[in-house]
file model30.cif (mmCIF, C-alpha atoms and all ligand atoms)
data_entry
#
loop_
_atom_site.label_atom_id
_atom_site.label_comp_id
_atom_site.auth_asym_id
_atom_site.auth_seq_id
_atom_site.Cartn_x
_atom_site.Cartn_y
_atom_site.Cartn_z
CA MET A 1 30.22 -5.59 -15.94
CA GLU A 2 27.44 -7.56 -17.56
CA VAL A 3 24.37 -8.06 -15.38
CA GLN A 4 23.19 -11.66 -15.16
CA VAL A 5 19.52 -11.77 -16.18
CA MET A 6 17.16 -13.87 -14.02
CA GLY A 7 13.56 -14.67 -14.89
CA SER A 8 10.85 -13.48 -12.52
CA ARG A 9 7.34 -14.81 -13.06
CA ILE A 10 4.57 -12.78 -11.44
CA MET A 11 1.12 -13.91 -10.32
CA LEU A 12 -1.03 -10.78 -9.99
CA MET A 13 -3.95 -10.92 -7.54
CA GLY A 14 -6.24 -7.95 -8.32
CA PHE A 15 -6.50 -6.02 -11.56
CA GLY A 16 -7.95 -2.70 -10.36
CA ASN A 17 -6.25 0.69 -10.16
CA VAL A 18 -3.06 -0.66 -8.61
CA GLY A 19 -2.85 -3.91 -10.61
CA LYS A 20 -3.21 -2.01 -13.89
CA GLY A 21 -0.72 0.68 -12.81
CA PHE A 22 1.79 -2.05 -11.97
CA CYS A 23 1.28 -3.82 -15.32
CA SER A 24 1.78 -0.64 -17.30
CA LEU A 25 4.99 0.11 -15.35
CA LEU A 26 6.26 -3.43 -15.99
CA SER A 27 5.72 -2.88 -19.67
CA GLU A 28 7.27 0.61 -19.66
CA LYS A 29 10.30 -0.39 -17.55
CA ASN A 30 10.91 -3.85 -19.01
CA SER A 31 14.26 -3.07 -20.64
CA MET A 32 15.45 -1.03 -17.63
CA LEU A 33 14.64 -3.93 -15.30
CA LYS A 34 16.75 -6.24 -17.48
CA GLU A 35 19.64 -3.86 -18.01
CA TYR A 36 20.02 -2.45 -14.50
CA TYR A 37 18.64 -5.13 -12.23
CA GLY A 38 19.01 -8.32 -14.24
CA THR A 39 15.31 -9.13 -13.94
CA ASP A 40 13.35 -10.41 -16.91
CA THR A 41 9.73 -10.22 -15.77
CA LYS A 42 6.66 -11.88 -17.14
CA VAL A 43 3.16 -12.01 -15.72
CA THR A 44 1.87 -15.59 -15.76
CA GLY A 45 -1.51 -15.05 -14.09
CA ILE A 46 -4.00 -12.28 -13.34
CA THR A 47 -6.99 -12.76 -11.05
CA THR A 48 -10.02 -10.65 -10.10
CA ARG A 49 -13.06 -11.27 -7.92
CA THR A 50 -15.81 -10.66 -10.51
CA ARG A 51 -14.05 -10.34 -13.87
CA GLY A 52 -12.47 -13.76 -14.18
CA CYS A 53 -8.88 -14.97 -14.09
CA ILE A 54 -6.35 -15.62 -16.86
CA TYR A 55 -3.25 -17.80 -16.77
CA ASP A 56 -0.45 -18.49 -19.24
CA PRO A 57 2.79 -19.94 -17.84
CA SER A 58 4.68 -18.67 -20.88
CA GLY A 59 3.63 -15.07 -20.09
CA ILE A 60 0.52 -12.95 -20.68
CA ASP A 61 0.68 -10.24 -23.35
CA ILE A 62 0.33 -7.29 -20.95
CA ASP A 63 0.32 -4.57 -23.61
CA LEU A 64 -2.53 -6.23 -25.48
CA LEU A 65 -4.44 -6.81 -22.24
CA LEU A 66 -4.14 -3.16 -21.14
CA GLU A 67 -5.23 -1.99 -24.57
CA GLU A 68 -8.24 -4.31 -24.83
CA GLU A 69 -9.25 -3.62 -21.23
CA ALA A 70 -9.15 0.14 -21.75
CA ASN A 71 -11.56 -0.31 -24.69
CA ASP A 72 -14.01 -2.29 -22.55
CA PRO A 73 -13.27 -1.83 -18.82
CA GLN A 74 -16.40 -3.64 -17.55
CA ARG A 75 -15.89 -6.84 -19.52
CA SER A 76 -14.56 -10.08 -18.03
CA LEU A 77 -10.84 -10.53 -18.75
CA CYS A 78 -11.72 -13.92 -20.26
CA GLU A 79 -13.99 -12.28 -22.84
CA LEU A 80 -11.46 -9.76 -24.09
CA PRO A 81 -10.24 -10.51 -27.62
CA GLY A 82 -7.19 -12.79 -27.45
CA PHE A 83 -7.66 -14.02 -23.87
CA SER A 84 -10.54 -16.54 -23.90
CA ALA A 85 -8.17 -19.49 -24.43
CA ILE A 86 -6.27 -18.79 -21.22
CA CYS A 87 -9.28 -18.37 -18.94
CA VAL A 88 -9.22 -20.24 -15.60
CA ASN A 89 -11.70 -20.48 -12.73
CA SER A 90 -10.23 -20.10 -9.32
CA PRO A 91 -7.75 -17.49 -8.03
CA TYR A 92 -6.79 -19.70 -5.11
CA GLU A 93 -6.01 -22.64 -7.39
CA LEU A 94 -3.57 -20.42 -9.26
CA VAL A 95 -1.93 -19.40 -5.97
CA GLN A 96 -1.54 -23.06 -5.02
CA LYS A 97 -0.70 -24.67 -8.35
CA GLY A 98 0.27 -21.90 -10.79
CA LYS A 99 3.81 -21.28 -12.01
CA TYR A 100 5.26 -18.08 -10.57
CA ASP A 101 8.10 -16.73 -8.41
CA VAL A 102 6.44 -13.64 -6.92
CA LEU A 103 2.84 -13.12 -5.87
CA ALA A 104 1.86 -9.47 -6.37
CA GLU A 105 -1.19 -9.02 -4.14
CA CYS A 106 -3.39 -5.95 -4.59
CA THR A 107 -6.89 -6.97 -3.56
CA VAL A 108 -8.97 -4.93 -1.12
CA THR A 109 -9.47 -4.92 2.66
CA SER A 110 -12.75 -3.51 3.96
CA LEU A 111 -14.12 -3.00 7.47
CA GLN A 112 -16.40 -5.98 6.82
CA ASP A 113 -13.73 -8.27 5.40
CA LYS A 114 -10.50 -7.41 7.20
CA SER A 115 -8.55 -10.37 5.91
CA ALA A 116 -9.15 -10.38 2.15
CA GLY A 117 -5.95 -11.35 0.41
CA LEU A 118 -4.61 -13.10 3.50
CA ASP A 119 -5.28 -16.61 2.18
CA TYR A 120 -3.54 -15.79 -1.09
CA ILE A 121 -0.49 -14.49 0.77
CA ARG A 122 -0.41 -17.47 3.13
CA GLY A 123 -0.79 -19.86 0.18
CA ALA A 124 2.11 -18.30 -1.73
CA LEU A 125 4.45 -18.08 1.27
CA SER A 126 3.68 -21.72 2.19
CA ARG A 127 4.97 -22.68 -1.26
CA GLY A 128 8.20 -20.77 -0.65
CA LYS A 129 7.22 -17.96 -3.05
CA SER A 130 7.87 -14.31 -2.32
CA VAL A 131 5.02 -11.83 -1.88
CA ILE A 132 4.75 -8.12 -2.61
CA THR A 133 1.55 -6.41 -1.52
CA THR A 134 -0.19 -3.04 -1.28
CA ASN A 135 -3.04 -4.45 0.82
CA LYS A 136 -2.92 -3.04 4.38
CA GLY A 137 -5.18 -5.61 6.07
CA PRO A 138 -2.92 -8.69 6.01
CA ILE A 139 0.13 -6.68 7.14
CA ALA A 140 -1.71 -4.68 9.82
CA PHE A 141 -3.36 -7.74 11.35
CA HIS A 142 -0.96 -10.62 10.59
CA TYR A 143 2.51 -9.16 10.11
CA GLU A 144 4.36 -11.43 12.52
CA GLU A 145 2.65 -14.59 11.35
CA LEU A 146 3.39 -13.79 7.70
CA LEU A 147 7.00 -12.88 8.41
CA ASP A 148 7.50 -16.18 10.25
CA LEU A 149 5.88 -18.10 7.41
CA ALA A 150 8.12 -16.34 4.88
CA ASN A 151 11.26 -17.06 6.92
CA LYS A 152 10.31 -20.69 7.48
CA ASN A 153 9.85 -21.29 3.75
CA ASN A 154 12.71 -19.13 2.46
CA GLY A 155 10.36 -16.61 0.90
CA LYS A 156 10.17 -12.87 1.42
CA ILE A 157 7.30 -10.48 2.01
CA LEU A 158 7.53 -6.79 1.12
CA PHE A 159 4.76 -4.21 1.44
CA GLU A 160 6.07 -0.75 0.48
CA GLY A 161 2.69 0.32 -0.94
CA THR A 162 0.71 -0.24 2.26
CA VAL A 163 1.73 3.16 3.67
CA MET A 164 1.94 6.33 1.50
CA SER A 165 1.61 4.35 -1.76
CA GLY A 166 4.91 4.47 -3.68
CA THR A 167 6.58 7.09 -1.47
CA PRO A 168 9.45 4.99 -0.10
CA VAL A 169 8.58 4.77 3.58
CA PHE A 170 10.00 1.32 4.32
CA SER A 171 12.97 1.55 1.94
CA THR A 172 13.89 4.73 3.83
CA SER A 173 13.01 3.85 7.40
CA VAL A 174 14.20 0.25 7.41
CA ASN A 175 17.11 0.34 4.91
CA GLY A 176 18.17 3.95 4.65
CA LEU A 177 18.04 4.50 8.41
CA CYS A 178 19.67 1.20 9.43
CA GLY A 179 21.79 1.76 12.53
CA SER A 180 19.32 4.37 13.79
CA SER A 181 16.53 4.00 16.29
CA ILE A 182 13.27 5.61 15.31
CA ARG A 183 11.79 7.01 18.52
CA SER A 184 8.46 8.23 17.21
CA PHE A 185 6.52 9.13 14.09
CA MET A 186 3.83 11.61 13.17
CA GLY A 187 2.09 11.43 9.83
CA VAL A 188 -0.64 12.57 7.51
CA LEU A 189 -1.35 9.18 6.00
CA ASN A 190 -4.78 9.63 4.41
CA GLY A 191 -5.05 11.97 1.44
CA THR A 192 -8.85 11.86 1.32
CA CYS A 193 -9.14 13.34 4.84
CA ASN A 194 -6.53 15.96 4.00
CA TYR A 195 -8.55 17.03 0.99
CA ILE A 196 -11.86 17.14 2.91
CA LEU A 197 -10.34 19.15 5.78
CA GLU A 198 -8.93 21.72 3.37
CA ARG A 199 -12.38 22.22 1.83
CA MET A 200 -14.00 22.51 5.30
CA ILE A 201 -11.55 25.19 6.40
CA GLU A 202 -12.51 27.08 3.22
CA GLY A 203 -16.10 27.05 4.48
CA GLN A 204 -17.72 23.93 2.98
CA ASP A 205 -19.68 21.68 5.32
CA TYR A 206 -18.56 18.10 5.92
CA SER A 207 -21.12 16.44 3.60
CA SER A 208 -20.43 18.59 0.56
CA ALA A 209 -16.63 18.34 1.08
CA LEU A 210 -16.98 14.55 1.26
CA GLY A 211 -19.21 14.57 -1.84
CA GLU A 212 -16.56 16.55 -3.73
CA ALA A 213 -13.82 14.11 -2.65
CA GLN A 214 -15.99 11.22 -3.89
CA LYS A 215 -16.63 12.97 -7.21
CA LYS A 216 -12.90 13.44 -7.70
CA GLY A 217 -12.35 9.73 -7.03
CA TYR A 218 -10.34 10.33 -3.83
CA ALA A 219 -12.86 8.84 -1.40
CA GLU A 220 -14.41 5.40 -1.64
CA ALA A 221 -18.16 5.03 -2.29
CA ASP A 222 -18.18 3.80 1.34
CA PRO A 223 -15.82 6.36 2.85
CA ALA A 224 -15.92 5.03 6.44
CA MET A 225 -12.38 3.59 6.27
CA ASP A 226 -11.03 7.05 5.44
CA VAL A 227 -13.14 9.52 7.42
CA GLU A 228 -13.55 7.43 10.58
CA GLY A 229 -9.76 7.18 10.80
CA TYR A 230 -9.42 3.41 10.27
CA ASP A 231 -7.27 3.69 7.15
CA SER A 232 -4.79 5.90 9.03
CA ALA A 233 -4.97 3.59 12.05
CA LEU A 234 -4.06 0.52 9.96
CA LYS A 235 -1.12 2.39 8.43
CA ALA A 236 0.05 3.56 11.86
CA LEU A 237 -0.24 -0.01 13.11
CA ILE A 238 1.94 -1.25 10.24
CA LEU A 239 4.54 1.46 10.90
CA ALA A 240 4.65 0.75 14.64
CA ASN A 241 4.88 -3.02 14.26
CA VAL A 242 7.45 -2.95 11.44
CA LEU A 243 9.71 -0.21 12.82
CA ILE A 244 9.92 -1.89 16.23
CA LYS A 245 8.97 -5.53 16.29
CA THR A 246 8.73 -5.92 20.08
CA SER A 247 5.35 -5.69 21.83
CA PRO A 248 3.19 -5.83 18.69
CA LEU A 249 0.02 -3.74 18.83
CA ASN A 250 -3.49 -4.53 17.58
CA LEU A 251 -6.23 -2.28 16.22
CA GLU A 252 -7.88 -2.30 19.69
CA ASP A 253 -4.73 -0.61 21.05
CA VAL A 254 -5.12 2.41 18.75
CA GLN A 255 -7.04 5.45 19.97
CA ILE A 256 -8.97 6.50 16.86
CA LYS A 257 -10.86 9.69 16.18
CA GLY A 258 -11.92 10.45 12.61
CA ILE A 259 -12.91 13.69 10.91
CA ASN A 260 -16.59 12.76 10.60
CA SER A 261 -17.54 14.26 13.96
CA LEU A 262 -15.33 17.32 14.28
CA SER A 263 -16.56 19.76 16.89
CA PRO A 264 -17.39 23.29 15.68
CA GLU A 265 -14.87 24.61 18.27
CA VAL A 266 -11.96 22.73 16.66
CA LEU A 267 -12.98 23.99 13.21
CA LYS A 268 -13.37 27.57 14.45
CA GLU A 269 -9.96 27.40 16.09
CA ALA A 270 -8.41 26.08 12.86
CA ILE A 271 -10.05 28.78 10.75
CA LYS A 272 -9.00 31.71 12.90
CA GLY A 273 -5.50 30.45 13.76
CA LYS A 274 -2.46 30.20 11.53
CA GLY A 275 -2.29 26.42 11.78
CA ARG A 276 -3.78 23.81 9.47
CA LEU A 277 -6.15 21.08 10.51
CA ARG A 278 -4.89 17.59 9.64
CA LEU A 279 -5.81 14.02 10.54
CA ILE A 280 -2.63 13.00 12.35
CA ALA A 281 -1.38 9.48 13.10
CA ARG A 282 1.12 9.39 15.96
CA GLY A 283 3.31 6.58 17.23
CA GLN A 284 5.61 6.43 20.25
CA LEU A 285 8.05 3.61 19.63
CA ASP A 286 9.53 2.97 23.04
CA LYS A 287 10.52 -0.73 23.11
CA ASN A 288 8.59 -1.43 26.29
CA LYS A 289 5.72 0.96 25.83
CA LYS A 290 4.57 1.52 22.28
CA SER A 291 1.45 3.56 21.63
CA ILE A 292 -0.45 4.84 18.59
CA SER A 293 -3.26 7.32 18.14
CA VAL A 294 -5.14 8.90 15.25
CA GLY A 295 -7.09 12.14 15.47
CA PRO A 296 -7.53 15.65 14.07
CA GLU A 297 -4.91 18.16 15.22
CA ILE A 298 -3.92 21.69 14.31
CA VAL A 299 -0.43 21.72 12.80
CA PRO A 300 1.40 25.04 13.28
CA GLU A 301 2.86 27.04 10.39
CA GLY A 302 6.44 25.97 9.68
CA HIS A 303 5.87 22.35 10.76
CA PRO A 304 6.85 19.76 8.08
CA LEU A 305 3.22 18.55 7.88
CA TYR A 306 1.81 22.09 7.42
CA SER A 307 2.27 22.34 3.64
CA LEU A 308 0.72 19.22 2.15
CA PRO A 309 -1.51 20.20 -0.75
CA GLY A 310 -4.61 18.17 -1.66
CA ALA A 311 -4.14 14.45 -1.21
CA THR A 312 -0.38 14.56 -0.50
CA ASN A 313 0.87 12.51 2.48
CA GLY A 314 3.70 13.26 4.91
CA LEU A 315 5.64 11.40 7.58
CA VAL A 316 7.98 12.82 10.21
CA LEU A 317 10.35 10.37 11.91
CA GLU A 318 12.27 11.27 15.07
CA THR A 319 15.55 9.37 15.08
CA ASP A 320 18.44 9.11 17.56
CA THR A 321 21.02 9.82 14.83
CA LEU A 322 19.67 12.38 12.38
CA GLY A 323 17.06 14.05 14.53
CA THR A 324 13.99 14.75 12.42
CA VAL A 325 13.64 13.05 9.03
CA CYS A 326 10.66 13.98 6.82
CA LEU A 327 9.12 12.26 3.84
CA THR A 328 6.37 13.78 1.73
CA GLY A 329 4.88 12.45 -1.45
CA ALA A 330 2.01 10.72 -3.14
CA GLY A 331 -0.30 8.77 -0.86
CA ALA A 332 -2.44 7.22 -3.59
CA GLY A 333 -2.76 6.69 -7.33
CA SER A 334 -2.65 3.90 -9.85
CA ARG A 335 0.86 4.60 -11.17
CA GLU A 336 2.18 5.74 -7.77
CA THR A 337 1.02 2.61 -5.96
CA GLY A 338 1.96 0.40 -8.91
CA PHE A 339 5.43 1.84 -8.42
CA ALA A 340 5.47 0.53 -4.83
CA LEU A 341 5.09 -3.00 -6.26
CA LEU A 342 7.83 -2.30 -8.79
CA ASN A 343 10.13 -1.06 -6.01
CA ASP A 344 9.45 -4.23 -3.99
CA LEU A 345 10.04 -6.40 -7.05
CA VAL A 346 13.40 -4.78 -7.75
CA THR A 347 14.34 -5.10 -4.06
CA LEU A 348 13.66 -8.84 -4.24
CA SER A 349 15.93 -9.17 -7.25
CA ARG A 350 18.92 -7.60 -5.45
CA PRO A 351 20.36 -10.02 -2.90
CA GLY A 352 22.20 -7.99 -0.29
CA TYR A 353 19.79 -5.12 -0.85
CA GLU A 354 16.96 -6.95 0.81
CA ARG A 355 15.23 -4.85 3.37
CA ARG A 356 16.43 -5.51 6.85
CA VAL A 357 13.71 -6.91 9.04
CA ILE A 358 13.95 -5.54 12.57
N1 LIG B 401 -5.58 2.94 -5.19
C1 LIG B 401 -4.63 3.48 -4.44
O1 LIG B 401 -4.24 4.63 -4.63
C2 LIG B 401 -4.00 2.68 -3.33
C3 LIG B 401 -2.94 3.24 -2.58
C4 LIG B 401 -2.32 2.46 -1.59
C5 LIG B 401 -2.78 1.18 -1.33
N2 LIG B 401 -3.84 0.68 -2.06
C6 LIG B 401 -4.32 -0.66 -1.75
O2 LIG B 401 -4.08 -1.50 -2.88
C7 LIG B 401 -5.15 -2.46 -3.00
C8 LIG B 401 -5.77 -2.35 -4.39
O3 LIG B 401 -6.33 -1.06 -4.54
P1 LIG B 401 -7.09 -0.66 -5.90
O4 LIG B 401 -7.29 0.80 -5.84
O5 LIG B 401 -6.39 -1.27 -7.06
O6 LIG B 401 -8.49 -1.39 -5.69
P2 LIG B 401 -9.55 -1.73 -6.84
O7 LIG B 401 -9.42 -0.79 -7.97
O8 LIG B 401 -10.87 -1.85 -6.14
O9 LIG B 401 -9.09 -3.19 -7.37
C9 LIG B 401 -9.10 -4.30 -6.54
C10 LIG B 401 -8.90 -5.54 -7.38
O10 LIG B 401 -8.86 -6.68 -6.50
C11 LIG B 401 -9.85 -7.62 -6.90
N3 LIG B 401 -10.35 -8.28 -5.68
C12 LIG B 401 -10.96 -7.71 -4.62
N4 LIG B 401 -11.23 -8.64 -3.69
C13 LIG B 401 -10.79 -9.81 -4.18
C14 LIG B 401 -10.79 -11.13 -3.72
N5 LIG B 401 -11.30 -11.44 -2.51
N6 LIG B 401 -10.24 -12.10 -4.50
C15 LIG B 401 -9.71 -11.79 -5.72
N7 LIG B 401 -9.68 -10.56 -6.21
C16 LIG B 401 -10.21 -9.59 -5.46
C17 LIG B 401 -10.93 -6.80 -7.58
O11 LIG B 401 -11.69 -7.64 -8.41
P3 LIG B 401 -12.87 -7.02 -9.35
O12 LIG B 401 -12.12 -6.41 -10.51
O13 LIG B 401 -13.66 -8.17 -9.73
O14 LIG B 401 -13.58 -6.01 -8.50
C18 LIG B 401 -10.05 -5.81 -8.35
O15 LIG B 401 -9.54 -6.38 -9.53
C19 LIG B 401 -6.12 -2.16 -1.86
O16 LIG B 401 -5.84 -3.02 -0.78
C20 LIG B 401 -5.82 -0.71 -1.51
O17 LIG B 401 -6.12 -0.41 -0.16
C21 LIG B 401 -4.44 1.40 -3.04
#

call {"tool": "encode", "arguments": {"input": "model30.cif", "output": "structure tokens", "more": "lines below"}}
Ligand SMILES: NC(=O)c1ccc[n+]([C@@H]2O[C@H](COP(=O)([O-])OP(=O)(O)OC[C@H]3O[C@@H](n4cnc5c(N)ncnc54)[C@H](OP(=O)(O)O)[C@@H]3O)[C@@H](O)[C@H]2O)c1
result
Amino acid sequence: MEVQVMGSRIMLMGFGNVGKGFCSLLSEKNSMLKEYYGTDTKVTGITTRTRGCIYDPSGIDIDLLLEEEANDPQRSLCELPGFSAICVNSPYELVQKGKYDVLAECTVTSLQDKSAGLDYIRGALSRGKSVITTNKGPIAFHYEELLDLANKNNGKILFEGTVMSGTPVFSTSVNGLCGSSIRSFMGVLNGTCNYILERMIEGQDYSSALGEAQKKGYAEADPAMDVEGYDSALKALILANVLIKTSPLNLEDVQIKGINSLSPEVLKEAIKGKGRLRLIARGQLDKNKKSISVGPEIVPEGHPLYSLPGATNGLVLETDTLGTVCLTGAGAGSRETGFALLNDLVTLSRPGYERRVI
């Protein structure tokens, strides 16, 4: 049967690791998207905070952009050869007036600015556009509001990349496990902490393990989000509020303990025992009494979260139908998180395969 091909114009907010990973996947998978999913994609706009914005309603030449950008990664997009004629000023103006079907949002949330990206998402949904995002902040803090806005305007919002990058957490837990109740979850959701803890158990002190993680590009220059447990807490909040929509929780409801102030006793215990020290996010998903916590725990040998090398993430779901279901996979990366956006984009193009919203 011939697949009917539909156009899908993308407005990309953020052209960092994830934005570039997504663009290179769009280019690589272009013919597959057409042949299998009937989606003919083009990127009509790309915005950044400090490197300018470009817009061409007939479609930006992504291959040329990636090539020129790789040659000169610090330069404004507008100054790259071939792109000065399509330079525009304001990202928000593009959200409000630009031509697109899907807003792909991959800007950054920090502890200081918890709502970056939120205005872009609100602006797109208010216009009846669909949104795909990897940005935890807007989903962790405003999930219900954004879902209502999407429903009211016949748009959709998908956010696979907000937890465990491209590892399909929501495709699995919301679609693949439909008909099941998920009673609880337990996860290693921050690869940076996993990496640092492994080094500490090998004998390094906290500062040098953190320094090594920063050198390898795992940890942010300001690593507080990771090591103080906030990154895991936001992900746990998203899981809890998406998997069971009743009694939504806020960040204040999460008990958070990071790995930055581990007691010597806990470390000693981890070193001498057979277990492995992990930063664990836990959620109890009882309809009337949900709770979430984040903190270091020793995971015994044989447990599904015991063997997670380096920056790998893992999630254990307790269900009423299958018992324990485990997912392990990448928790970060340009291509891996770009794939989360690709997965969301394909999901949008398959009516009837839309993710069930609980
Ligand atoms: N990297 C990963 O492995 C990973 C995994 C899962 C989820 N995520 C999430 O995905 C998002 C993107 O991550 P990333 O690694 O690509 O970050 P990044 O490399 O720092 O890139 C962020 C991009 O967003 C732009 N930006 C930031 N704030 C903005 C604003 N207020 N308005 C417009 N543009 C803005 C930046 O502009 P400039 O270029 O001017 O700085 C940059 O182009 C983050 O929310 C992150 O938490 C990342």

call {"tool": "closest_residue", "arguments": {"input": "model30.cif", "among": "A:Leu327, A:Leu80, A:Cys106, A:Leu64", "to": "ligand LIG 401 (chain B)", "atoms": "all atoms listed in the file"}}
result
A:Cys106

call {"tool": "residues_near_ligand", "arguments": {"input": "model30.cif", "ligand": "ligand LIG 401 (chain B)", "cutoff": "7 Å", "atoms": "only C-alpha atoms and all ligand atoms", "output": "MDAnalysis selection string"}}
result
chainID A and resid 13:19 47:51 91 106:109 116:117 134:136 161:165 331:334 337

call {"tool": "residues_around", "arguments": {"input": "model30.cif", "residues": "stretch 267-281 of chain A", "least_positions_apart": "5", "cutoff": "7 Å", "atoms": "all atoms listed in the file", "output": "PyMOL selection string"}}
result
chain A and resi 186-188+193-194+197+201+232-233+236+293-301+306

call {"tool": "closest_residue", "arguments": {"input": "model30.cif", "among": "A:Lys289, A:Gly45, A:Gly155, A:Gly166", "to": "A:Thr328", "atoms": "all atoms listed in the file"}}
result
A:Gly166

call {"tool": "closest_atom_pairs", "arguments": {"input": "model30.cif", "of": "stretch 277-299 of chain A", "to": "stretch 241-246 of chain A", "cutoff": "12 Å", "atoms": "all atoms listed in the file", "output": "Markdown table"}}
result
| residue | atom | partner | partner_atom | distance |
| --- | --- | --- | --- | --- |
| A:Gly283 | CA | A:Asn241 | CA | 10.2 |
| A:Gln284 | CA | A:Ile244 | CA | 10.2 |
| A:Leu285 | CA | A:Ile244 | CA | 6.7 |
| A:Asp286 | CA | A:Ile244 | CA | 8.4 |
| A:Lys287 | CA | A:Thr246 | CA | 6.3 |
| A:Asn288 | CA | A:Thr246 | CA | 7.7 |
| A:Lys289 | CA | A:Thr246 | CA | 9.5 |
| A:Lys290 | CA | A:Ile244 | CA | 8.8 |
| A:Ser291 | CA | A:Asn241 | CA | 10.5 |
| A:Ile292 | CA | A:Asn241 | CA | 10.4 |
